[in-house]
Structures are given as structure tokens and as C-alpha cells.
file query-v5.csv (CSV, C-alpha atoms and all ligand atoms)
chain,number,residue,atom,x,y,z
Q,1,MET,CA,90.3,117.9,103.9
Q,2,ASP,CA,92.9,119.1,106.4
Q,3,SER,CA,94.9,116.9,108.7
Q,4,THR,CA,98.0,117.9,110.6
Q,5,ASN,CA,100.0,116.0,108.0
Q,6,ILE,CA,98.4,117.6,105.0
Q,7,LEU,CA,97.2,121.2,104.6
Q,8,VAL,CA,94.8,122.1,101.8
Q,9,SER,CA,94.1,125.6,100.7
Q,10,ILE,CA,91.7,126.5,97.9
Q,11,ASN,CA,91.7,129.8,96.0
Q,12,ALA,CA,88.0,129.8,94.9
Q,13,SER,CA,88.4,132.8,92.5
Q,14,LYS,CA,91.4,131.3,90.7
Q,15,LYS,CA,90.1,127.7,91.0
Q,16,ILE,CA,93.4,126.4,92.2
Q,17,ALA,CA,94.3,124.4,95.2
Q,18,ILE,CA,97.6,123.9,97.1
Q,19,LEU,CA,98.2,120.7,99.0
Q,20,THR,CA,101.1,121.0,101.4
Q,21,LEU,CA,102.8,117.9,102.8
Q,22,ASN,CA,103.4,118.7,106.4
Q,23,ARG,CA,105.6,116.2,108.1
Q,24,PRO,CA,108.6,118.5,108.2
Q,25,LYS,CA,110.5,116.7,111.0
Q,26,GLU,CA,110.5,113.5,109.0
Q,27,LEU,CA,111.3,115.4,105.8
Q,28,ASN,CA,107.9,114.3,104.5
Q,29,ALA,CA,108.9,110.7,104.4
Q,30,LEU,CA,106.2,108.8,102.7
Q,31,SER,CA,104.8,106.1,105.0
Q,32,TYR,CA,101.8,104.1,103.6
Q,33,ASP,CA,99.4,106.0,105.8
Q,34,PHE,CA,100.8,109.4,104.7
Q,35,LEU,CA,100.7,108.5,101.0
Q,36,ASN,CA,97.1,107.3,101.5
Q,37,GLU,CA,96.2,110.6,103.1
Q,38,ILE,CA,97.9,112.4,100.2
Q,39,PHE,CA,95.8,110.4,97.7
Q,40,GLN,CA,92.6,110.9,99.7
Q,41,ALA,CA,93.1,114.7,99.7
Q,42,LEU,CA,94.0,114.7,96.0
Q,43,ASP,CA,91.0,112.6,95.2
Q,44,LEU,CA,88.7,115.0,97.0
Q,45,LEU,CA,90.2,117.9,95.1
Q,46,ASP,CA,89.9,116.0,91.8
Q,47,LYS,CA,86.2,115.7,92.4
Q,48,ASN,CA,85.8,119.3,93.6
Q,49,GLU,CA,84.2,121.3,90.7
Q,50,GLY,CA,85.6,124.5,92.2
Q,51,VAL,CA,89.2,123.4,91.5
Q,52,ASN,CA,90.8,123.1,88.1
Q,53,CYS,CA,94.5,122.7,88.9
Q,54,ILE,CA,96.3,121.4,91.9
Q,55,ILE,CA,99.7,122.3,93.3
Q,56,LEU,CA,101.5,119.7,95.4
Q,57,THR,CA,104.3,121.1,97.6
Q,58,GLY,CA,106.3,120.3,100.8
Q,59,SER,CA,108.4,122.3,103.2
Q,60,ASP,CA,111.4,124.5,102.5
Q,61,ARG,CA,113.7,121.7,103.4
Q,62,ALA,CA,111.9,118.8,101.8
Q,63,PHE,CA,109.3,118.0,99.2
Q,64,ALA,CA,109.7,114.4,100.3
Q,65,ALA,CA,112.8,112.4,101.3
Q,66,GLY,CA,111.3,109.2,100.0
Q,67,ALA,CA,109.5,106.2,101.5
Q,68,ASP,CA,109.7,105.9,105.2
Q,69,ILE,CA,112.9,103.9,105.7
Q,70,LYS,CA,111.9,102.9,109.2
Q,71,ALA,CA,108.8,101.1,107.8
Q,72,LEU,CA,110.6,99.8,104.7
Q,73,ALA,CA,113.4,98.2,106.8
Q,74,GLN,CA,110.9,95.8,108.3
Q,75,GLN,CA,109.3,94.8,105.0
Q,76,SER,CA,109.1,91.4,103.3
Q,77,PRO,CA,108.0,90.7,99.7
Q,78,LEU,CA,104.7,89.4,100.9
Q,79,GLY,CA,104.3,92.3,103.2
Q,80,ILE,CA,104.8,94.7,100.4
Q,81,TRP,CA,102.3,92.9,98.2
Q,82,LYS,CA,99.7,92.8,101.0
Q,83,MET,CA,100.1,96.4,101.8
Q,84,ASP,CA,99.2,97.3,98.2
Q,85,MET,CA,101.4,100.3,98.0
Q,86,TYR,CA,101.4,99.8,94.3
Q,87,GLY,CA,97.6,100.3,94.2
Q,88,LEU,CA,98.1,103.7,95.9
Q,89,TRP,CA,100.7,104.8,93.4
Q,90,GLN,CA,98.3,103.6,90.6
Q,91,ASN,CA,95.6,105.7,92.1
Q,92,LEU,CA,97.8,108.8,92.1
Q,93,LYS,CA,98.2,108.2,88.3
Q,94,GLN,CA,94.4,108.4,87.9
Q,95,ILE,CA,94.0,112.0,89.1
Q,96,LYS,CA,92.4,113.9,86.2
Q,97,LYS,CA,93.2,117.4,87.0
Q,98,PRO,CA,96.7,118.8,86.2
Q,99,LEU,CA,99.1,118.4,89.1
Q,100,ILE,CA,102.0,120.8,89.5
Q,101,ALA,CA,104.8,119.7,91.9
Q,102,ALA,CA,106.4,122.8,93.5
Q,103,VAL,CA,109.6,121.3,94.9
Q,104,SER,CA,111.8,122.9,97.5
Q,105,GLY,CA,114.6,120.9,99.2
Q,106,PHE,CA,114.9,117.2,98.9
Q,107,ALA,CA,112.9,115.2,96.4
Q,108,LEU,CA,114.4,111.7,96.8
Q,109,GLY,CA,113.4,108.2,96.1
Q,110,GLY,CA,109.6,108.0,96.4
Q,111,GLY,CA,109.6,111.8,96.8
Q,112,CYS,CA,111.3,112.2,93.4
Q,113,GLU,CA,108.8,109.6,92.0
Q,114,LEU,CA,105.9,111.6,93.5
Q,115,ALA,CA,107.2,114.8,91.8
Q,116,MET,CA,107.5,112.9,88.5
Q,117,ILE,CA,104.0,111.5,88.7
Q,118,CYS,CA,102.8,115.2,88.6
Q,119,ASP,CA,102.3,116.8,85.2
Q,120,MET,CA,104.8,119.6,85.7
Q,121,ILE,CA,107.6,120.3,88.1
Q,122,ILE,CA,108.6,123.8,89.3
Q,123,ALA,CA,111.8,123.7,91.4
Q,124,ALA,CA,113.1,126.1,93.9
Q,125,GLU,CA,116.9,126.9,93.6
Q,126,ASN,CA,117.5,124.8,96.7
Q,127,ALA,CA,115.8,121.7,95.3
Q,128,GLN,CA,117.8,118.4,95.1
Q,129,PHE,CA,116.6,115.4,93.2
Q,130,GLY,CA,117.7,111.8,93.4
Q,131,GLN,CA,116.9,108.1,93.4
Q,132,PRO,CA,119.1,106.9,96.2
Q,133,GLU,CA,117.4,103.6,96.7
Q,134,ILE,CA,120.5,101.8,95.4
Q,135,LYS,CA,122.4,102.9,98.6
Q,136,LEU,CA,119.8,101.0,100.6
Q,137,GLY,CA,120.2,97.8,98.7
Q,138,ILE,CA,117.0,98.3,96.7
Q,139,MET,CA,115.9,100.0,93.5
Q,140,PRO,CA,113.2,102.5,92.6
Q,141,GLY,CA,109.8,100.9,93.0
Q,142,ALA,CA,107.3,103.6,92.1
Q,143,GLY,CA,108.1,104.5,88.6
Q,144,GLY,CA,111.7,105.8,88.9
Q,145,THR,CA,113.1,103.4,86.3
Q,146,GLN,CA,110.3,104.1,83.9
Q,147,ARG,CA,109.4,107.8,84.3
Q,148,LEU,CA,112.9,109.1,84.8
Q,149,PRO,CA,114.3,107.7,81.5
Q,150,ARG,CA,111.3,109.1,79.7
Q,151,LEU,CA,112.2,112.5,81.0
Q,152,VAL,CA,115.9,112.5,80.8
Q,153,GLY,CA,116.9,109.6,78.6
Q,154,LYS,CA,118.7,106.3,79.4
Q,155,LEU,CA,122.2,107.6,80.2
Q,156,LYS,CA,121.2,110.2,82.8
Q,157,ALA,CA,118.6,107.8,84.3
Q,158,MET,CA,121.2,105.1,84.6
Q,159,GLU,CA,123.6,107.5,86.3
Q,160,LEU,CA,121.0,108.7,88.8
Q,161,VAL,CA,119.5,105.3,89.6
Q,162,LEU,CA,122.8,103.3,89.6
Q,163,THR,CA,124.9,105.8,91.6
Q,164,GLY,CA,122.2,107.2,93.8
Q,165,THR,CA,123.7,110.7,93.6
Q,166,PHE,CA,121.6,113.8,94.0
Q,167,ILE,CA,121.4,116.6,91.4
Q,168,SER,CA,120.7,120.2,91.9
Q,169,ALA,CA,117.7,122.1,90.6
Q,170,THR,CA,119.8,123.7,87.9
Q,171,GLU,CA,121.1,120.3,86.7
Q,172,ALA,CA,117.6,118.9,86.8
Q,173,TYR,CA,116.5,121.7,84.6
Q,174,ARG,CA,119.4,121.2,82.2
Q,175,ILE,CA,118.6,117.6,81.7
Q,176,GLY,CA,114.8,118.2,81.3
Q,177,MET,CA,113.6,116.9,84.6
Q,178,VAL,CA,111.9,120.1,85.7
Q,179,ASN,CA,110.0,122.9,83.9
Q,180,LYS,CA,111.7,125.8,85.5
Q,181,VAL,CA,113.9,126.8,88.4
Q,182,VAL,CA,112.9,129.8,90.5
Q,183,PRO,CA,114.2,131.6,93.6
Q,184,ASN,CA,113.1,129.8,96.8
Q,185,GLU,CA,110.9,132.6,97.9
Q,186,MET,CA,109.1,132.7,94.6
Q,187,LEU,CA,108.3,129.0,94.4
Q,188,ILE,CA,104.6,129.2,95.4
Q,189,PHE,CA,104.0,132.4,93.5
Q,190,GLU,CA,105.4,130.9,90.3
Q,191,ALA,CA,103.5,127.7,90.8
Q,192,GLU,CA,100.3,129.6,91.4
Q,193,LYS,CA,100.9,131.7,88.3
Q,194,THR,CA,101.2,128.6,86.1
Q,195,ALA,CA,98.3,126.9,87.9
Q,196,THR,CA,96.1,129.9,87.5
Q,197,LEU,CA,96.8,130.1,83.7
Q,198,ILE,CA,95.9,126.4,83.4
Q,199,ALA,CA,92.8,126.7,85.6
Q,200,SER,CA,91.5,129.6,83.4
Q,201,GLN,CA,91.3,127.3,80.3
Q,202,SER,CA,88.4,125.0,79.5
Q,203,THR,CA,88.3,122.3,82.2
Q,204,THR,CA,87.3,119.6,79.7
Q,205,ALA,CA,89.9,120.5,77.2
Q,206,VAL,CA,92.6,120.6,79.9
Q,207,GLN,CA,91.7,117.2,81.3
Q,208,MET,CA,91.3,115.7,77.8
Q,209,ALA,CA,94.7,117.0,76.8
Q,210,LYS,CA,96.3,115.8,80.0
Q,211,GLU,CA,94.8,112.3,79.5
Q,212,SER,CA,96.0,112.2,75.9
Q,213,ILE,CA,99.6,113.2,76.7
Q,214,LEU,CA,99.7,110.6,79.4
Q,215,LYS,CA,98.4,108.0,77.0
Q,216,SER,CA,101.3,108.7,74.7
Q,217,PHE,CA,103.5,106.9,77.2
Q,218,ASP,CA,101.4,103.8,77.3
Q,219,MET,CA,100.4,103.5,73.6
Q,220,GLY,CA,101.9,103.1,70.2
Q,221,LEU,CA,101.6,106.1,67.8
Q,222,ASN,CA,98.5,105.0,65.9
Q,223,GLU,CA,96.6,103.9,69.0
Q,224,GLY,CA,97.7,107.2,70.6
Q,225,LEU,CA,96.5,109.3,67.6
Q,226,ALA,CA,93.1,107.5,67.7
Q,227,PHE,CA,92.8,108.3,71.4
Q,228,GLU,CA,93.7,111.9,70.8
Q,229,ARG,CA,91.1,112.1,68.0
Q,230,ARG,CA,88.4,110.8,70.4
Q,231,ASN,CA,89.4,113.4,73.1
Q,232,TYR,CA,89.7,116.2,70.5
Q,233,MET,CA,86.1,115.5,69.4
Q,234,MET,CA,84.8,115.5,73.0
Q,235,CYS,CA,86.0,119.1,73.4
Q,236,PHE,CA,83.3,120.1,70.8
Q,237,ASP,CA,80.7,118.9,73.2
Q,238,THR,CA,81.4,121.7,75.7
Q,239,GLU,CA,80.0,125.2,76.2
Q,240,GLU,CA,83.6,126.5,76.6
Q,241,GLN,CA,84.5,125.5,73.0
Q,242,LYS,CA,81.4,127.4,71.7
Q,243,GLU,CA,82.0,130.5,73.9
Q,244,LYS,CA,85.7,130.7,73.2
Q,245,MET,CA,85.5,130.3,69.4
Q,246,ASN,CA,82.5,132.7,69.2
Q,247,ALA,CA,84.4,135.3,71.3
Q,248,PHE,CA,87.4,135.0,68.9
Q,249,LEU,CA,85.1,135.4,65.8
Q,250,GLU,CA,83.3,138.3,67.4
Q,251,LYS,CA,86.7,139.9,68.4
Q,301,LIG,N1,112.5,107.8,105.9
Q,301,LIG,C1,112.4,108.0,107.2
Q,301,LIG,N2,113.0,109.1,107.9
Q,301,LIG,C2,113.7,109.9,107.2
Q,301,LIG,C3,113.9,109.8,105.8
Q,301,LIG,C4,113.2,108.7,105.1
Q,301,LIG,N3,113.3,108.5,103.8
Q,301,LIG,N4,114.7,110.8,105.3
Q,301,LIG,C5,115.0,111.5,106.4
Q,301,LIG,N5,114.4,111.0,107.5
Q,301,LIG,C6,114.5,111.5,108.9
Q,301,LIG,C7,115.9,111.2,109.5
Q,301,LIG,O1,115.9,109.9,110.0
Q,301,LIG,C8,115.9,112.3,110.6
Q,301,LIG,O2,115.1,111.9,111.6
Q,301,LIG,P1,115.6,112.1,113.2
Q,301,LIG,O3,116.9,111.5,113.3
Q,301,LIG,O4,115.6,113.6,113.3
Q,301,LIG,O5,114.5,111.5,114.0
Q,301,LIG,C9,115.2,113.5,109.9
Q,301,LIG,O6,114.4,112.9,108.9
Q,301,LIG,C10,116.2,114.5,109.3
Q,301,LIG,O7,117.1,113.8,108.4
Q,301,LIG,P2,118.7,113.9,108.6
Q,301,LIG,O8,119.1,114.1,110.0
Q,301,LIG,O9,119.3,112.7,107.9
Q,301,LIG,O10,119.0,115.2,107.7
Q,301,LIG,P3,120.2,115.6,106.8
Q,301,LIG,O11,119.9,117.0,106.4
Q,301,LIG,O12,121.5,115.2,107.4
Q,301,LIG,O13,120.0,114.6,105.5
Q,301,LIG,C11,118.8,113.5,103.7
Q,301,LIG,C12,118.9,114.7,104.7
Q,301,LIG,C13,117.4,113.7,103.0
Q,301,LIG,C14,119.9,113.7,102.7
Q,301,LIG,C15,118.9,112.2,104.5
Q,301,LIG,O14,118.0,112.2,105.6
Q,301,LIG,C16,118.7,111.0,103.6
Q,301,LIG,O15,119.5,110.6,102.9
Q,301,LIG,N6,117.4,110.5,103.8
Q,301,LIG,C17,117.1,109.2,103.1
Q,301,LIG,C18,116.8,109.5,101.6
Q,301,LIG,C19,116.5,108.2,100.9
Q,301,LIG,O16,117.3,107.3,100.9
Q,301,LIG,N7,115.3,108.1,100.3
Q,301,LIG,C20,114.9,107.0,99.6
Q,301,LIG,C21,114.1,106.1,100.5
Q,301,LIG,S1,113.6,104.6,99.7
Q,301,LIG,C22,107.2,101.4,96.9
Q,301,LIG,C23,107.3,102.6,96.2
Q,301,LIG,C24,108.3,103.5,96.4
Q,301,LIG,C25,109.3,103.3,97.4
Q,301,LIG,C26,109.2,102.1,98.1
Q,301,LIG,C27,108.2,101.2,97.9
Q,301,LIG,N8,106.2,100.5,96.6
Q,301,LIG,C28,105.3,100.8,95.5
Q,301,LIG,C29,106.1,99.3,97.3
Q,301,LIG,C30,110.3,104.2,97.7
Q,301,LIG,C31,111.4,103.9,98.3
Q,301,LIG,C32,112.3,105.0,98.8
Q,301,LIG,O17,112.0,106.2,98.6

call {"tool": "encode", "arguments": {"input": "query-v5.csv", "output": "C-alpha cells"}}
result
Amino acid sequence: MDSTNILVSINASKKIAILTLNRPKELNALSYDFLNEIFQALDLLDKNEGVNCIILTGSDRAFAAGADIKALAQQSPLGIWKMDMYGLWQNLKQIKKPLIAAVSGFALGGGCELAMICDMIIAAENAQFGQPEIKLGIMPGAGGTQRLPRLVGKLKAMELVLTGTFISATEAYRIGMVNKVVPNEMLIFEAEKTATLIASQSTTAVQMAKESILKSFDMGLNEGLAFERRNYMMCFDTEEQKEKMNAFLEK
């Protein structure tokens, strides 16, 4: 699915897809409609058997500068509830295939939250992360107060959310918010390298592992271990498990 706001390219031989947010003039500000388009495109890729791993990226200047402040400024509590933006964010969480955020430029507010909903984050040297909602008289509303402390701990999360200051890619790496930092011009190449490696593994095992890791944030240890056990056993119901283990045994 291609629209002017979203570009999708699929590399069939590597079984990876790149979804590019393409509203560069607005720094990829996330209006409801734009976020909905992003979800629709991701959902199609999630159902596409020719794709095993998805890269989500923006422009050089911005991954996404947050929710569209023009639209937000007019909102009321009831309006927010009726729009069901939360439902959309919830949908993003349901994507089964691994998502890699390849972040260049600004990843702010909802943009930072969108990167954090992905499974890995690769940052270009020019990337800047932040939760500046506090400067607008609001607070993060799409997981910033929940996912950020899980990544960087309470103290750094408090600092970012309560002061609204931006941090560089290097600082984000230092505090554990991104997987790696790469030169700007290498961003897509590096993201593709990681995506290709993931996409070459057993599709079922990858998706079961992703699901299990995500469950660790929602469940206590014993419940999480039981969930892991269930997914672990499911991997033994795949051709890939038999092929890969036989290949190892046959050298
Ligand atoms: N919304 C709308 N337009 C934006 C925008 C945004 N978030 N960010 C930038 N733009 C627009 C600017 O208005 C400008 O438009 P024109 O004037 O050219 O028409 C254009 O993009 C370029 O921006 P600047 O001229 O400001 O460029 P600079 O390089 O000087 O500054 C900047 C770049 C990214 C530092 C600055 O634009 C900035 O501070 N932007 C706002 C960042 C921000 O505060 N983001 C957080 C927004 S609040 C929800 C879930 C989540 C959320 C809400 C609800 N629910 C589940 C209900 C999320 C909320 C947020 O993200």
C-alpha cells in the first residue's frame, strides 16, 4: 500500500519491508489520519507472508515530531475519547512481526513513543529523542511514561518527561534507549542488515520470541515463564525447527 504520506518498499528476496513516513514538511507530525494510515500499512505487511521483518523510518530531518499540535490544540477530553486514538496505539502494539525503528532527526512526543513501540531502535547520529509534551501543558499519552522507564529507568525517564529536554543519539544509546548509533548515511543499510538477519530465521520462532518478550512487560515471572513455555513448544510444530536441527546434526 502506497500513499503520498507513506511509502512501502518490499525486498522479496530478503523478506523485509521498509515503511517510510513521508510528510517531511510537517516533520511527520502524527495526525489521527496519518497514524491510521501507518497502522493500515503495517497491518498489511504483518499479513504479507513475503515479509518477515519491517523497518519503520522517516525523513533525514524527522522520524516524527509528535502528535499534530494543530489538531491537539482543539481537543477536549470527550473528543480524545471519541476519536479512539488509544485504540490505534493499541493496534500498533499487536503487530506480530518484528519492527525496527530507523530513526533520523527528531523523534519527539508521539514520535518517540512510536519508536519505543517498535522492537528495536537504530539511530542515526543526527537523531534527537524527547518527550516535550510537558512544555505544551500535557504529558505523554501513548506509552511514554510506561515504556520509557522500562528502557532507561525511573531517574532518566523522570528527567526526560518532566523537563521536556531532547537528548542526542549518543546519549540515547548511553542510557539504553536505542540499540545502536550509526552514521546518518548508513542508517537504512544498518537497519536492513539487522532486518535481513532476523528475516532469515524461522518466522514462527521469531514471532513467538517477540510475543514472549513483550509479555514479560505485562506479566509476573511465573505467568511469563508459563507463556514462554507454551511458545517454546509451538516452535516444535514447525518445519523450520526440523530442518535447522537436522542440518546442524548432519553438519
Ligand atoms: N505538530 C504539528 N506541526 C509540527 C509539529 C507537530 N508536532 N512539529 C513541527 N511541526 C511543523 C512546524 O509547525 C513547522 O510548520 P510550518 O511553520 O513550516 O508550517 C514545520 O513543522 C517545521 O517545524 P519548525 O519550523 O518548528 O522547525 P525547527 O527545526 O525550528 O524545530 C522542532 C523543529 C521539532 C524542534 C519543533 O518543530 C518542535 O518543537 N515541534 C514540536 C515537538 C513537540 O512538542 N512534540 C510533541 C507533540 S505532543 C495521544 C497519544 C500521543 C500523543 C497525543 C495523544 N492519544 C493516545 C490520545 C502525543 C502527543 C505529542 O506528541

call {"tool": "closest_atom_pairs", "arguments": {"input": "query-v5.csv", "of": "chain Q", "to": "ligand LIG 301 (chain Q)", "cutoff": "6 Å", "atoms": "all atoms listed in the file", "output": "Markdown table"}}
result
| residue | atom | partner | partner_atom | distance |
| --- | --- | --- | --- | --- |
| Q:Lys25 | CA | Q:LIG301 | C9 | 5.8 |
| Q:Glu26 | CA | Q:LIG301 | O6 | 3.9 |
| Q:Leu27 | CA | Q:LIG301 | O6 | 5.0 |
| Q:Ala29 | CA | Q:LIG301 | C4 | 4.8 |
| Q:Ala65 | CA | Q:LIG301 | N3 | 4.7 |
| Q:Gly66 | CA | Q:LIG301 | O17 | 3.4 |
| Q:Ala67 | CA | Q:LIG301 | O17 | 3.8 |
| Q:Asp68 | CA | Q:LIG301 | N1 | 3.5 |
| Q:Ile69 | CA | Q:LIG301 | N1 | 3.9 |
| Q:Lys70 | CA | Q:LIG301 | C1 | 5.5 |
| Q:Ile80 | CA | Q:LIG301 | C29 | 5.7 |
| Q:Met85 | CA | Q:LIG301 | C28 | 4.7 |
| Q:Tyr86 | CA | Q:LIG301 | C28 | 4.2 |
| Q:Phe106 | CA | Q:LIG301 | C13 | 5.9 |
| Q:Leu108 | CA | Q:LIG301 | N7 | 5.1 |
| Q:Gly109 | CA | Q:LIG301 | O17 | 3.5 |
| Q:Gly110 | CA | Q:LIG301 | O17 | 3.7 |
| Q:Pro132 | CA | Q:LIG301 | O16 | 5.0 |
| Q:Glu133 | CA | Q:LIG301 | S1 | 4.9 |
| Q:Gly141 | CA | Q:LIG301 | C23 | 4.4 |
| Q:Ala142 | CA | Q:LIG301 | C23 | 4.2 |

call {"tool": "residues_around", "arguments": {"input": "query-v5.csv", "residues": "range 224-232 of chain Q", "least_positions_apart": "6", "cutoff": "8 Å", "atoms": "only C-alpha atoms", "output": "PyMOL selection string"}}
result
chain Q and resi 205+208-209+212+215-216

call {"tool": "atom_distance", "arguments": {"input": "query-v5.csv", "atom1": "CA of Ile100 in chain Q", "atom2": "CA of Thr194 in chain Q"}}
result
8.5 Å

call {"tool": "residues_around", "arguments": {"input": "query-v5.csv", "residues": "Gln128 in chain Q", "least_positions_apart": "6", "cutoff": "7 Å", "atoms": "all atoms listed in the file", "output": "list in words"}}
result
Gly105, Phe106, Ala107, Phe166, Ile167, Ser168 and Ala169 of chain Q

call {"tool": "closest_residue", "arguments": {"input": "query-v5.csv", "among": "Q:Gly79, Q:Pro24, Q:Gly111, Q:Gly176", "to": "Leu151 in chain Q", "atoms": "only C-alpha atoms"}}
result
Q:Gly176

call {"tool": "atom_distance", "arguments": {"input": "query-v5.csv", "atom1": "CA of Ile95 in chain Q", "atom2": "CA of Cys53 in chain Q"}}
result
10.7 Å
